[in-house]
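A quick write-up on the structure given underneath.
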Amino acid sequence: MTKIPPNALIVVVDDDVFERMGASFMFVDAGYRVLEADSADEALQFFETNADIRLLFTDVSMPGSMSGSDLAHQVAERWPSVGIIVASGRPRPYQLPLSMLFHDKPYEPAAVLRQAREMTAQLG
Amino acid sequence: MHGTGFREQFTGIADAWALAEGIVDTVREPVLVLDKDLRVIAASRSFYAAFKVSPEDTNGRLLYALGDGQWDIPKLRVLLEKIIPEQGVMEGYEVEHEFLGLGSRTICLNARQVFYEGGAGTTILLGMEDVTERRILEREKDELLRQKDTLLEELQHRISNSLQIIASIILMKARAVQSEETRFHLEDAHKRVLSIAAVQKQLHASATTGAIEIAPYLSKLCESLAHSMIGGSRPISLKVIGEGGRATSRQAESLGLIVTELVMNALKHAFPDDKAKGQIIVAYDMIGTNWKLSVADTGIGKPDSGFAQGKSGLGTGIVKALAHQLDAQVETLAGPGGTTVSITHATFPTKAVQAA
């Protein structure tokens with residue numbers, strides 16, 4: 001699974017420590033570099049200070065001024081080249097554009113990694 | 001009462017009047033009999049009781065003057081002065097009004113105009129049912145149902161997140177251990193957590209009714225399994241066929257877990273070549289109380305030896321235990337065309353057995 005280390009930078013957002021660590025390890029093991037955020041607000045700060053972030057992997061329900069779907073919207077608008085994957089224990093939020101990739105929690109890591117690889121490859 | 005015998009039996013006006021009075025007195029729902037000027041000719045006992053008034057203050061009085069004019073209600077005027085003269089009958093006309101000593105009540109009105117032969121004027125029968133408590137209970141019931149839905153959603157969310165936490169911890173353990181075998185087992189445990197989550201999620205989605213429709217349930221479950229376990233990585237298709245049927249949510253859960261186990265097993269062992277095309281077909285058919293579930297693959301037919309293989313394999317054990325719980329038999333057929341595992345529940349009516 002880790003034939004070509006993608007090395008691309010990913011932001012992982014989840015307010016639950018275990019879920020965030022699990023997702024983070026999953027991406028690190030697949031060869032990515034990861035920035036962890038426990039809220040949408042913190043994640044947004046990463047995007048504002050790092051031009052080379054390639055992918056956002058975010059939870060939906062989180063404390064703070066923004067939900068994960070708000071974050072996904074903002075990122076899609078301000079950094080259109082960033083790939084976005086959303087995961088939640090709730091049903092897919094209706095505000096989420098159908099073009100955005102969504103996974104039910106618990107997600108299958110192989111499926112998420114496959115999409116991550118496709119998106120980071122597409123983006124060059 | 002509506003038969004022709006009615007007129008013949010009550011030839012005397014006095015008899016008919018006595019009967020009418022008897023009826024008005026007996027009905028539990030408050031009833032007023034009004035003349036064409038809306039003056040009270042008769043009132044039922046239940047009317048006096050329900051609105052706390054005396055016969056002296058009621059009989060012979062104009063309806064709108066009763067109880068300091070508390071019946072002078074705009075909606076009631078519309079009913080008696082417009083709707084009834086035009087239509088003759090009105091049923092289930094609800095009025096909310098503040099009554100003396102009773103507070104705000106919701107009254108359901110039924111009114112009917114009665115004509116007499118010879119055209120000696122008309123009489124209006126006005127039945128009034130106090131539906132205040134019923135409407136309050138209905139509103140409370142709707143509110144409780146809404147709360148129940150919200151709670152179920154919240155519960156589902158918590159279950160999903162808990163399963164995600166468990167899945168994450170198992171995978172973190174898997175990457176921390178040194179032994180290949182232990183890692184294999186932990187990854188297998190992780191897959192089982194995902195399969196339980198998939199079954200649970202589909203059951204939650206179809207839990208609004210008591211019985212589960214098996215065909216759409218298995219289709220959705222397999223869609224989700226295909227999405228997470230095959231994705232775009234292998235040229236293997238997974239489809240559900242058969243007539244389907246209905247089952248309790250407990251049975252559906254067992255069926256779902258069996259399908260998940262067998263599909264996972266087929267993906268793991270039937271197609272050793274990752275590039276090989278293949279098909280997995282899940283079928284469920286039901287006749288009466290008998291049903292058959294099968295999972296067939298077009299793979300190599302002879303499963304290679306993996307950790308979970310053989311008679312003592314965990315996967316096989318789980319399928320057998322679940323089938324036993326469903327009072328069903330497991331049969332495996334493997335050949336060059338692939339492997340088919342069938343779970344059959346067959347009962348014969350006692351009579352048929354005795355006759356045979």
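Ligands are numbered from 1 in the order shown, residues from 1 within each chain, and chains are lettered A, B, ... in the order they appear in the structure tokens.
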Taking only C-alpha atoms into account, produce a table as a Markdown table in which each residue of chain B with an atom at most 12 Å from an atom of chain A appears once, together with its shortest atom pair and the distance in Å to one decimal, ordered by chain and rising number.
| residue | atom | partner | partner_atom | distance |
| --- | --- | --- | --- | --- |
| B:Thr150 | CA | A:Arg90 | CA | 11.9 |
| B:Leu152 | CA | A:Arg90 | CA | 11.2 |
| B:Glu153 | CA | A:Arg90 | CA | 7.7 |
| B:Glu154 | CA | A:Arg90 | CA | 8.3 |
| B:Leu155 | CA | A:Arg90 | CA | 9.9 |
| B:Gln156 | CA | A:Arg90 | CA | 7.4 |
| B:His157 | CA | A:Gly89 | CA | 4.9 |
| B:Arg158 | CA | A:Gly89 | CA | 7.3 |
| B:Ile159 | CA | A:Gly89 | CA | 7.9 |
| B:Ser160 | CA | A:Gly89 | CA | 4.8 |
| B:Asn161 | CA | A:Gly89 | CA | 5.4 |
| B:Ser162 | CA | A:Pro106 | CA | 8.6 |
| B:Leu163 | CA | A:Pro106 | CA | 6.1 |
| B:Gln164 | CA | A:Pro106 | CA | 4.3 |
| B:Ile165 | CA | A:Glu19 | CA | 5.5 |
| B:Ile166 | CA | A:Phe18 | CA | 8.6 |
| B:Ala167 | CA | A:Pro106 | CA | 7.0 |
| B:Ser168 | CA | A:Gly22 | CA | 4.7 |
| B:Ile169 | CA | A:Phe18 | CA | 6.7 |
| B:Ile170 | CA | A:Gly22 | CA | 9.0 |
| B:Leu171 | CA | A:Gly22 | CA | 7.1 |
| B:Met172 | CA | A:Gly22 | CA | 6.3 |
| B:Lys173 | CA | A:Gly22 | CA | 10.0 |
| B:Ala174 | CA | A:Gly22 | CA | 11.0 |
| B:Arg175 | CA | A:Phe25 | CA | 8.7 |
| B:Ala176 | CA | A:Phe25 | CA | 10.7 |
| B:Glu187 | CA | A:Pro109 | CA | 11.0 |
| B:His190 | CA | A:Glu108 | CA | 9.3 |
| B:Lys191 | CA | A:Glu108 | CA | 8.2 |
| B:Arg192 | CA | A:Glu108 | CA | 11.1 |
| B:Val193 | CA | A:Pro106 | CA | 8.2 |
| B:Leu194 | CA | A:Pro106 | CA | 6.2 |
| B:Ser195 | CA | A:Pro106 | CA | 9.5 |
| B:Ile196 | CA | A:Pro106 | CA | 9.9 |
| B:Ala197 | CA | A:Pro106 | CA | 6.9 |
| B:Ala198 | CA | A:Pro106 | CA | 8.5 |
| B:Val199 | CA | A:Pro106 | CA | 11.9 |
| B:Gln200 | CA | A:Pro106 | CA | 11.4 |
| B:Lys201 | CA | A:Asp104 | CA | 9.2 |
| B:Gln202 | CA | A:Pro91 | CA | 11.5 |
| B:His204 | CA | A:Pro91 | CA | 11.2 |
| B:Ala205 | CA | A:Pro91 | CA | 9.9 |
| B:Ser224 | CA | A:Asp104 | CA | 9.4 |
| B:Leu225 | CA | A:Glu108 | CA | 9.5 |
| B:Ala226 | CA | A:Ala111 | CA | 10.1 |
| B:His227 | CA | A:Ala111 | CA | 7.4 |
| B:Ser228 | CA | A:Glu108 | CA | 5.3 |
| B:Met229 | CA | A:Glu108 | CA | 7.1 |
| B:Ile230 | CA | A:Ala111 | CA | 8.0 |
| B:Gly231 | CA | A:Ala111 | CA | 6.3 |
| B:Gly232 | CA | A:Arg114 | CA | 8.2 |
| B:Ser233 | CA | A:Arg114 | CA | 7.9 |
| B:Arg234 | CA | A:Arg114 | CA | 11.6 |
Mind dumping the selected residues with N, CA and C atoms as a short mmCIF file (atom, residue, chain, number, x, y, z; two decimals), in the first residue's frame?
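What landed in result.cif:
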data_model
loop_
_atom_site.label_atom_id
_atom_site.label_comp_id
_atom_site.auth_asym_id
_atom_site.auth_seq_id
_atom_site.Cartn_x
_atom_site.Cartn_y
_atom_site.Cartn_z
N THR B 150 -35.10 12.14 17.74
CA THR B 150 -33.86 12.86 18.04
C THR B 150 -32.93 12.01 18.88
N LEU B 152 -32.87 8.72 19.09
CA LEU B 152 -32.35 7.60 18.29
C LEU B 152 -31.20 8.06 17.40
N GLU B 153 -31.37 9.25 16.79
CA GLU B 153 -30.30 9.82 15.95
C GLU B 153 -29.03 10.01 16.78
N GLU B 154 -29.22 10.57 17.97
CA GLU B 154 -28.10 10.86 18.85
C GLU B 154 -27.40 9.56 19.26
N LEU B 155 -28.23 8.55 19.57
CA LEU B 155 -27.70 7.25 19.98
C LEU B 155 -26.88 6.63 18.84
N GLN B 156 -27.45 6.69 17.62
CA GLN B 156 -26.77 6.14 16.45
C GLN B 156 -25.42 6.84 16.25
N HIS B 157 -25.42 8.16 16.43
CA HIS B 157 -24.21 8.95 16.29
C HIS B 157 -23.17 8.50 17.30
N ARG B 158 -23.61 8.29 18.55
CA ARG B 158 -22.66 7.87 19.60
C ARG B 158 -22.13 6.48 19.34
N ILE B 159 -23.01 5.59 18.89
CA ILE B 159 -22.56 4.22 18.58
C ILE B 159 -21.50 4.27 17.48
N SER B 160 -21.80 5.02 16.41
CA SER B 160 -20.85 5.11 15.29
C SER B 160 -19.51 5.65 15.76
N ASN B 161 -19.55 6.70 16.57
CA ASN B 161 -18.29 7.30 17.03
C ASN B 161 -17.54 6.35 17.96
N SER B 162 -18.28 5.63 18.83
CA SER B 162 -17.61 4.68 19.72
C SER B 162 -16.94 3.58 18.91
N LEU B 163 -17.66 3.10 17.87
CA LEU B 163 -17.07 2.05 17.03
C LEU B 163 -15.84 2.59 16.29
N GLN B 164 -15.89 3.86 15.90
CA GLN B 164 -14.72 4.46 15.23
C GLN B 164 -13.54 4.53 16.20
N ILE B 165 -13.81 4.87 17.46
CA ILE B 165 -12.74 4.92 18.46
C ILE B 165 -12.13 3.53 18.65
N ILE B 166 -13.01 2.52 18.78
CA ILE B 166 -12.53 1.14 18.94
C ILE B 166 -11.70 0.73 17.71
N ALA B 167 -12.22 1.05 16.52
CA ALA B 167 -11.50 0.70 15.28
C ALA B 167 -10.14 1.38 15.25
N SER B 168 -10.08 2.66 15.64
CA SER B 168 -8.81 3.41 15.63
C SER B 168 -7.82 2.79 16.60
N ILE B 169 -8.29 2.43 17.81
CA ILE B 169 -7.39 1.86 18.82
C ILE B 169 -6.85 0.52 18.35
N ILE B 170 -7.71 -0.32 17.77
CA ILE B 170 -7.25 -1.63 17.28
C ILE B 170 -6.16 -1.45 16.22
N LEU B 171 -6.38 -0.48 15.30
CA LEU B 171 -5.38 -0.28 14.25
C LEU B 171 -4.07 0.29 14.81
N MET B 172 -4.18 1.13 15.82
CA MET B 172 -2.96 1.67 16.44
C MET B 172 -2.17 0.55 17.12
N LYS B 173 -2.92 -0.37 17.75
CA LYS B 173 -2.27 -1.54 18.37
C LYS B 173 -1.60 -2.37 17.28
N ALA B 174 -2.32 -2.54 16.15
CA ALA B 174 -1.80 -3.37 15.06
C ALA B 174 -0.47 -2.82 14.55
N ARG B 175 -0.33 -1.49 14.49
CA ARG B 175 0.91 -0.95 13.96
C ARG B 175 2.02 -0.99 15.02
N ALA B 176 1.62 -1.14 16.30
CA ALA B 176 2.62 -1.15 17.37
C ALA B 176 3.22 -2.54 17.61
N GLU B 187 -5.91 -6.78 12.64
CA GLU B 187 -6.54 -6.21 11.45
C GLU B 187 -7.86 -6.92 11.15
N HIS B 190 -10.36 -5.54 13.44
CA HIS B 190 -10.76 -4.22 12.94
C HIS B 190 -11.84 -4.35 11.86
N LYS B 191 -11.66 -5.32 10.96
CA LYS B 191 -12.66 -5.54 9.90
C LYS B 191 -14.01 -5.94 10.50
N ARG B 192 -13.97 -6.73 11.59
CA ARG B 192 -15.22 -7.17 12.21
C ARG B 192 -15.95 -5.99 12.85
N VAL B 193 -15.19 -5.08 13.43
CA VAL B 193 -15.81 -3.88 14.00
C VAL B 193 -16.53 -3.12 12.88
N LEU B 194 -15.86 -3.00 11.72
CA LEU B 194 -16.48 -2.30 10.59
C LEU B 194 -17.74 -3.02 10.10
N SER B 195 -17.70 -4.37 10.11
CA SER B 195 -18.86 -5.09 9.60
C SER B 195 -20.04 -4.96 10.55
N ILE B 196 -19.77 -4.99 11.85
CA ILE B 196 -20.86 -4.80 12.81
C ILE B 196 -21.44 -3.40 12.65
N ALA B 197 -20.57 -2.43 12.42
CA ALA B 197 -21.04 -1.05 12.23
C ALA B 197 -21.94 -0.95 11.00
N ALA B 198 -21.53 -1.63 9.91
CA ALA B 198 -22.32 -1.56 8.67
C ALA B 198 -23.71 -2.17 8.88
N VAL B 199 -23.76 -3.33 9.55
CA VAL B 199 -25.05 -3.98 9.81
C VAL B 199 -25.92 -3.10 10.71
N GLN B 200 -25.31 -2.59 11.76
CA GLN B 200 -26.03 -1.77 12.72
C GLN B 200 -26.60 -0.52 12.04
N LYS B 201 -25.81 0.09 11.17
CA LYS B 201 -26.25 1.32 10.49
C LYS B 201 -27.43 1.04 9.58
N GLN B 202 -27.38 -0.06 8.82
CA GLN B 202 -28.49 -0.39 7.93
C GLN B 202 -29.75 -0.71 8.71
N HIS B 204 -30.53 0.47 11.66
CA HIS B 204 -31.03 1.73 12.21
C HIS B 204 -31.85 2.46 11.15
N ALA B 205 -31.32 2.47 9.90
CA ALA B 205 -32.00 3.18 8.82
C ALA B 205 -33.37 2.59 8.52
N SER B 224 -22.65 -0.87 0.87
CA SER B 224 -21.70 -0.30 1.80
C SER B 224 -20.45 -1.18 1.93
N LEU B 225 -20.63 -2.51 1.90
CA LEU B 225 -19.48 -3.42 1.95
C LEU B 225 -18.61 -3.25 0.71
N ALA B 226 -19.28 -3.14 -0.46
CA ALA B 226 -18.54 -2.99 -1.71
C ALA B 226 -17.76 -1.68 -1.69
N HIS B 227 -18.40 -0.63 -1.18
CA HIS B 227 -17.77 0.70 -1.12
C HIS B 227 -16.53 0.65 -0.24
N SER B 228 -16.66 0.00 0.95
CA SER B 228 -15.53 0.06 1.88
C SER B 228 -14.50 -1.04 1.64
N MET B 229 -14.93 -2.23 1.19
CA MET B 229 -13.97 -3.34 1.13
C MET B 229 -13.44 -3.62 -0.27
N ILE B 230 -14.18 -3.22 -1.31
CA ILE B 230 -13.67 -3.43 -2.66
C ILE B 230 -13.26 -2.09 -3.26
N GLY B 231 -14.21 -1.13 -3.21
CA GLY B 231 -13.93 0.20 -3.75
C GLY B 231 -13.57 0.08 -5.22
N GLY B 232 -12.63 0.90 -5.65
CA GLY B 232 -12.24 0.83 -7.07
C GLY B 232 -10.98 0.00 -7.25
N SER B 233 -10.54 -0.68 -6.16
CA SER B 233 -9.22 -1.30 -6.20
C SER B 233 -9.19 -2.65 -6.91
N ARG B 234 -10.34 -3.37 -6.92
CA ARG B 234 -10.34 -4.69 -7.55
C ARG B 234 -11.56 -4.84 -8.44
#
Apply DSSP to the backbone of this structure and, from stretch 152-283 of chain B, keep only the residues in strand (DSSP E or B); write these as a JSON list (two decimals) with N, CA and C atoms, in the first residue's frame.
[["chain", "number", "residue", "atom", "x", "y", "z"],
["B", 211, "ALA", "N", -40.93, -4.82, 11.30],
["B", 211, "ALA", "CA", -40.32, -5.84, 10.45],
["B", 211, "ALA", "C", -39.38, -5.19, 9.44],
["B", 212, "ILE", "N", -38.32, -5.92, 9.10],
["B", 212, "ILE", "CA", -37.33, -5.40, 8.16],
["B", 212, "ILE", "C", -37.54, -6.09, 6.81],
["B", 213, "GLU", "N", -37.57, -5.31, 5.74],
["B", 213, "GLU", "CA", -37.60, -5.87, 4.39],
["B", 213, "GLU", "C", -36.17, -6.30, 4.05],
["B", 236, "ILE", "N", -14.03, -6.65, -8.83],
["B", 236, "ILE", "CA", -14.98, -7.64, -8.30],
["B", 236, "ILE", "C", -16.33, -6.95, -8.07],
["B", 237, "SER", "N", -17.41, -7.58, -8.58],
["B", 237, "SER", "CA", -18.72, -6.98, -8.36],
["B", 237, "SER", "C", -19.46, -7.78, -7.28],
["B", 238, "LEU", "N", -20.30, -7.06, -6.56],
["B", 238, "LEU", "CA", -21.07, -7.67, -5.47],
["B", 238, "LEU", "C", -22.52, -7.31, -5.70],
["B", 239, "LYS", "N", -23.38, -8.34, -5.92],
["B", 239, "LYS", "CA", -24.79, -7.97, -6.10],
["B", 239, "LYS", "C", -25.74, -8.87, -5.32],
["B", 240, "VAL", "N", -26.92, -8.31, -5.09],
["B", 240, "VAL", "CA", -27.93, -9.01, -4.29],
["B", 240, "VAL", "C", -29.10, -9.36, -5.20],
["B", 241, "ILE", "N", -29.52, -10.64, -5.18],
["B", 241, "ILE", "CA", -30.67, -11.05, -5.97],
["B", 241, "ILE", "C", -31.68, -11.78, -5.07],
["B", 242, "GLY", "N", -32.81, -12.14, -5.64],
["B", 242, "GLY", "CA", -33.79, -12.93, -4.88],
["B", 242, "GLY", "C", -35.04, -12.15, -4.55],
["B", 243, "GLU", "N", -36.04, -12.89, -4.13],
["B", 243, "GLU", "CA", -37.35, -12.32, -3.86],
["B", 243, "GLU", "C", -37.40, -11.53, -2.56],
["B", 244, "GLY", "N", -36.49, -11.85, -1.66],
["B", 244, "GLY", "CA", -36.49, -11.17, -0.37],
["B", 244, "GLY", "C", -37.59, -11.68, 0.53],
["B", 246, "ARG", "N", -39.59, -10.66, 4.71],
["B", 246, "ARG", "CA", -39.50, -9.82, 5.91],
["B", 246, "ARG", "C", -38.95, -10.63, 7.08],
["B", 247, "ALA", "N", -38.29, -9.94, 8.00],
["B", 247, "ALA", "CA", -37.75, -10.60, 9.19],
["B", 247, "ALA", "C", -37.76, -9.61, 10.34],
["B", 248, "THR", "N", -37.62, -10.11, 11.56],
["B", 248, "THR", "CA", -37.51, -9.22, 12.70],
["B", 248, "THR", "C", -36.12, -8.58, 12.64],
["B", 278, "GLY", "N", -14.10, -10.89, -10.95],
["B", 278, "GLY", "CA", -14.88, -11.84, -10.17],
["B", 278, "GLY", "C", -16.23, -11.29, -9.80],
["B", 279, "GLN", "N", -17.08, -12.18, -9.29],
["B", 279, "GLN", "CA", -18.42, -11.77, -8.92],
["B", 279, "GLN", "C", -18.81, -12.46, -7.61],
["B", 280, "ILE", "N", -19.47, -11.72, -6.75],
["B", 280, "ILE", "CA", -20.02, -12.33, -5.54],
["B", 280, "ILE", "C", -21.52, -12.05, -5.58],
["B", 281, "ILE", "N", -22.31, -13.12, -5.47],
["B", 281, "ILE", "CA", -23.76, -12.94, -5.54],
["B", 281, "ILE", "C", -24.41, -13.38, -4.23],
["B", 282, "VAL", "N", -25.16, -12.46, -3.64],
["B", 282, "VAL", "CA", -25.88, -12.75, -2.41],
["B", 282, "VAL", "C", -27.35, -12.96, -2.79],
["B", 283, "ALA", "N", -27.95, -14.08, -2.39],
["B", 283, "ALA", "CA", -29.35, -14.33, -2.73],
["B", 283, "ALA", "C", -30.15, -14.62, -1.47]]
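Comparing the minimum interatomic distances between B:Asp188 and each of B:Thr347, B:Ser54, B:Gln251, B:Asn265, counting only C-alpha atoms, we find that B:Asn265 sits nearest.
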Requested in this report: Taking the DSSP assignment computed from this structure's backbone, write out as a VMD selection string all residues of chain A that belong to alpha helix (DSSP H).
Outcome: chain A and resid 17 to 29 40 to 49 68 to 78 109 to 122
Surrounding residues of B:Ile83 excluding itself and chain neighbours under 4 positions, 12 Å, only C-alpha atoms, as a PDB file with N, CA and C atoms, in the first residue's frame:
ATOM      1  N   LYS B  75     -67.277  31.808  15.645  1.00  0.00           N
ATOM      2  CA  LYS B  75     -67.250  30.599  14.809  1.00  0.00           C
ATOM      3  C   LYS B  75     -68.551  29.792  14.914  1.00  0.00           C
ATOM      4  N   LEU B  76     -69.162  29.829  16.116  1.00  0.00           N
ATOM      5  CA  LEU B  76     -70.422  29.108  16.315  1.00  0.00           C
ATOM      6  C   LEU B  76     -71.547  29.806  15.547  1.00  0.00           C
ATOM      7  N   ARG B  77     -71.497  31.147  15.515  1.00  0.00           N
ATOM      8  CA  ARG B  77     -72.491  31.910  14.742  1.00  0.00           C
ATOM      9  C   ARG B  77     -72.402  31.543  13.263  1.00  0.00           C
ATOM     10  N   VAL B  78     -71.162  31.434  12.766  1.00  0.00           N
ATOM     11  CA  VAL B  78     -70.972  31.062  11.355  1.00  0.00           C
ATOM     12  C   VAL B  78     -71.593  29.691  11.101  1.00  0.00           C
ATOM     13  N   LEU B  79     -71.353  28.771  12.051  1.00  0.00           N
ATOM     14  CA  LEU B  79     -71.865  27.406  11.894  1.00  0.00           C
ATOM     15  C   LEU B  79     -73.390  27.390  11.852  1.00  0.00           C
ATOM     16  N   GLN B  87     -76.193  23.846   4.356  1.00  0.00           N
ATOM     17  CA  GLN B  87     -75.802  22.454   4.132  1.00  0.00           C
ATOM     18  C   GLN B  87     -76.595  21.432   4.941  1.00  0.00           C
ATOM     19  N   GLY B  88     -77.287  21.879   5.977  1.00  0.00           N
ATOM     20  CA  GLY B  88     -78.107  20.961   6.771  1.00  0.00           C
ATOM     21  C   GLY B  88     -77.343  20.192   7.834  1.00  0.00           C
ATOM     22  N   VAL B  89     -76.077  19.839   7.517  1.00  0.00           N
ATOM     23  CA  VAL B  89     -75.281  19.023   8.440  1.00  0.00           C
ATOM     24  C   VAL B  89     -73.866  19.566   8.515  1.00  0.00           C
ATOM     25  N   MET B  90     -73.276  19.493   9.710  1.00  0.00           N
ATOM     26  CA  MET B  90     -71.858  19.827   9.820  1.00  0.00           C
ATOM     27  C   MET B  90     -71.255  18.945  10.908  1.00  0.00           C
ATOM     28  N   GLU B  91     -70.181  18.252  10.567  1.00  0.00           N
ATOM     29  CA  GLU B  91     -69.566  17.372  11.564  1.00  0.00           C
ATOM     30  C   GLU B  91     -68.106  17.727  11.802  1.00  0.00           C
ATOM     31  N   TYR B  93     -66.605  20.140  13.613  1.00  0.00           N
ATOM     32  CA  TYR B  93     -66.245  21.551  13.479  1.00  0.00           C
ATOM     33  C   TYR B  93     -65.665  21.995  14.820  1.00  0.00           C
ATOM     34  N   ASN B 110     -70.923  18.970  16.376  1.00  0.00           N
ATOM     35  CA  ASN B 110     -71.649  18.262  15.315  1.00  0.00           C
ATOM     36  C   ASN B 110     -73.048  18.857  15.299  1.00  0.00           C
ATOM     37  N   ALA B 111     -73.482  19.347  14.151  1.00  0.00           N
ATOM     38  CA  ALA B 111     -74.810  19.971  14.101  1.00  0.00           C
ATOM     39  C   ALA B 111     -75.621  19.397  12.947  1.00  0.00           C
ATOM     40  N   ARG B 112     -76.915  19.335  13.144  1.00  0.00           N
ATOM     41  CA  ARG B 112     -77.804  18.753  12.132  1.00  0.00           C
ATOM     42  C   ARG B 112     -79.149  19.461  12.213  1.00  0.00           C
ATOM     43  N   GLN B 113     -79.684  19.787  11.042  1.00  0.00           N
ATOM     44  CA  GLN B 113     -80.984  20.437  10.980  1.00  0.00           C
ATOM     45  C   GLN B 113     -82.034  19.366  10.730  1.00  0.00           C
TER      46      GLN B 113
END
**Report entry** For atom CA of B:Leu32 and atom CA of B:Leu125, the interatomic separation in Å (one decimal)
**Finding:** 5.9 Å
Query raised in the report: Which residue out of B:Thr123, B:Asn290, B:Thr298, B:Ser206 has the minimum interatomic distance to B:Gly338 when only C-alpha atoms are used?
Result: B:Thr298
Query - Residues within 10 Å of B:Thr332, only C-alpha atoms, excluding chain neighbours under 6 positions, as number ranges by chain - result: B: 294-296, 339-343
Any chance you could export the current selection's N, CA and C atoms as a PDB file, in the first residue's frame?
ATOM      1  N   SER B 294     -27.905 -17.343   0.400  1.00  0.00           N
ATOM      2  CA  SER B 294     -26.665 -17.910  -0.129  1.00  0.00           C
ATOM      3  C   SER B 294     -25.718 -16.821  -0.589  1.00  0.00           C
ATOM      4  N   VAL B 295     -24.438 -17.109  -0.431  1.00  0.00           N
ATOM      5  CA  VAL B 295     -23.403 -16.205  -0.918  1.00  0.00           C
ATOM      6  C   VAL B 295     -22.515 -17.043  -1.829  1.00  0.00           C
ATOM      7  N   ALA B 296     -22.514 -16.689  -3.129  1.00  0.00           N
ATOM      8  CA  ALA B 296     -21.759 -17.467  -4.115  1.00  0.00           C
ATOM      9  C   ALA B 296     -20.693 -16.591  -4.749  1.00  0.00           C
ATOM     10  N   THR B 339     -17.164 -20.924  -4.990  1.00  0.00           N
ATOM     11  CA  THR B 339     -17.693 -21.458  -3.733  1.00  0.00           C
ATOM     12  C   THR B 339     -19.079 -20.878  -3.472  1.00  0.00           C
ATOM     13  N   THR B 340     -20.010 -21.743  -3.019  1.00  0.00           N
ATOM     14  CA  THR B 340     -21.335 -21.267  -2.616  1.00  0.00           C
ATOM     15  C   THR B 340     -21.604 -21.739  -1.193  1.00  0.00           C
ATOM     16  N   VAL B 341     -21.930 -20.784  -0.334  1.00  0.00           N
ATOM     17  CA  VAL B 341     -22.312 -21.143   1.031  1.00  0.00           C
ATOM     18  C   VAL B 341     -23.803 -20.843   1.171  1.00  0.00           C
ATOM     19  N   SER B 342     -24.588 -21.855   1.578  1.00  0.00           N
ATOM     20  CA  SER B 342     -26.033 -21.661   1.732  1.00  0.00           C
ATOM     21  C   SER B 342     -26.434 -21.820   3.190  1.00  0.00           C
ATOM     22  N   ILE B 343     -27.318 -20.947   3.623  1.00  0.00           N
ATOM     23  CA  ILE B 343     -27.881 -21.039   4.973  1.00  0.00           C
ATOM     24  C   ILE B 343     -29.373 -21.273   4.766  1.00  0.00           C
TER      25      ILE B 343
END
**Report entry** Of the listed residues B:Gln178, B:Gln147, B:Thr106, B:Ser44, that which approaches B:Val24 most closely, counting only C-alpha atoms
**Finding:**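 Among the listed residues, B:Ser44 lies closest to B:Val24.
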Query raised in the report: For A:Val11, which residue among A:Ile85, A:Leu56, A:Ala30, A:Ala76 is the nearest when counting only C-alpha atoms?
Result: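 Looking at the shortest contact to A:Val11, the residue is A:Leu56.
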Do you know which residues are at most 12 Å from B:Leu100 counting only C-alpha atoms, after dropping those on the same chain fewer than 3 positions away, and could you put them as a short mmCIF file (atom, residue, chain, number, x, y, z; two decimals) with N, CA and C atoms, in the first residue's frame?
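Below is the file that was written, result.cif:
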data_model
loop_
_atom_site.label_atom_id
_atom_site.label_comp_id
_atom_site.auth_asym_id
_atom_site.auth_seq_id
_atom_site.Cartn_x
_atom_site.Cartn_y
_atom_site.Cartn_z
N ALA B 50 -71.34 19.16 32.05
CA ALA B 50 -70.09 19.57 31.43
C ALA B 50 -69.86 21.07 31.54
N PHE B 51 -70.94 21.87 31.39
CA PHE B 51 -70.75 23.32 31.39
C PHE B 51 -71.22 23.99 32.68
N LYS B 52 -71.50 23.13 33.70
CA LYS B 52 -71.84 23.62 35.04
C LYS B 52 -72.96 24.65 35.03
N VAL B 53 -74.08 24.27 34.38
CA VAL B 53 -75.25 25.16 34.35
C VAL B 53 -76.49 24.38 34.80
N LEU B 66 -77.04 32.33 26.86
CA LEU B 66 -76.71 31.39 27.94
C LEU B 66 -75.42 31.77 28.63
N GLY B 67 -75.40 31.54 29.95
CA GLY B 67 -74.16 31.72 30.72
C GLY B 67 -73.48 33.04 30.45
N ASP B 68 -74.22 34.15 30.59
CA ASP B 68 -73.66 35.48 30.35
C ASP B 68 -73.07 35.63 28.96
N GLY B 69 -73.68 34.96 28.00
CA GLY B 69 -73.24 35.13 26.60
C GLY B 69 -71.99 34.37 26.22
N GLN B 70 -71.65 33.34 27.02
CA GLN B 70 -70.40 32.64 26.70
C GLN B 70 -70.49 31.77 25.44
N TRP B 71 -71.73 31.57 24.97
CA TRP B 71 -71.87 30.81 23.72
C TRP B 71 -71.94 31.72 22.50
N HIS B 97 -62.41 27.99 22.78
CA HIS B 97 -63.08 29.11 23.44
C HIS B 97 -62.83 29.07 24.94
N GLY B 103 -62.17 27.42 31.82
CA GLY B 103 -60.94 27.80 31.13
C GLY B 103 -61.06 27.53 29.65
N SER B 104 -59.90 27.52 28.99
CA SER B 104 -59.90 27.35 27.54
C SER B 104 -60.18 25.90 27.17
N ARG B 105 -61.19 25.68 26.34
CA ARG B 105 -61.53 24.32 25.93
C ARG B 105 -61.59 24.23 24.42
#
Report task. Find the residues around stretch 65-69 of chain A up to 8 Å (only C-alpha atoms counted), leave out those fewer than 4 positions away in its own chain, and share them as a PyMOL selection string. Result -> chain A and resi 39-41+58-61+73+86+93+95-96
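Atom pair atom CA of B:Arg45 / atom CA of B:Pro30: separated by 7.4 Å.
Distances to A:Ser24 were evaluated for A:Glu36, A:Ala43, A:Glu48, A:Thr120 using only C-alpha atoms, and the minimum falls at A:Glu36.
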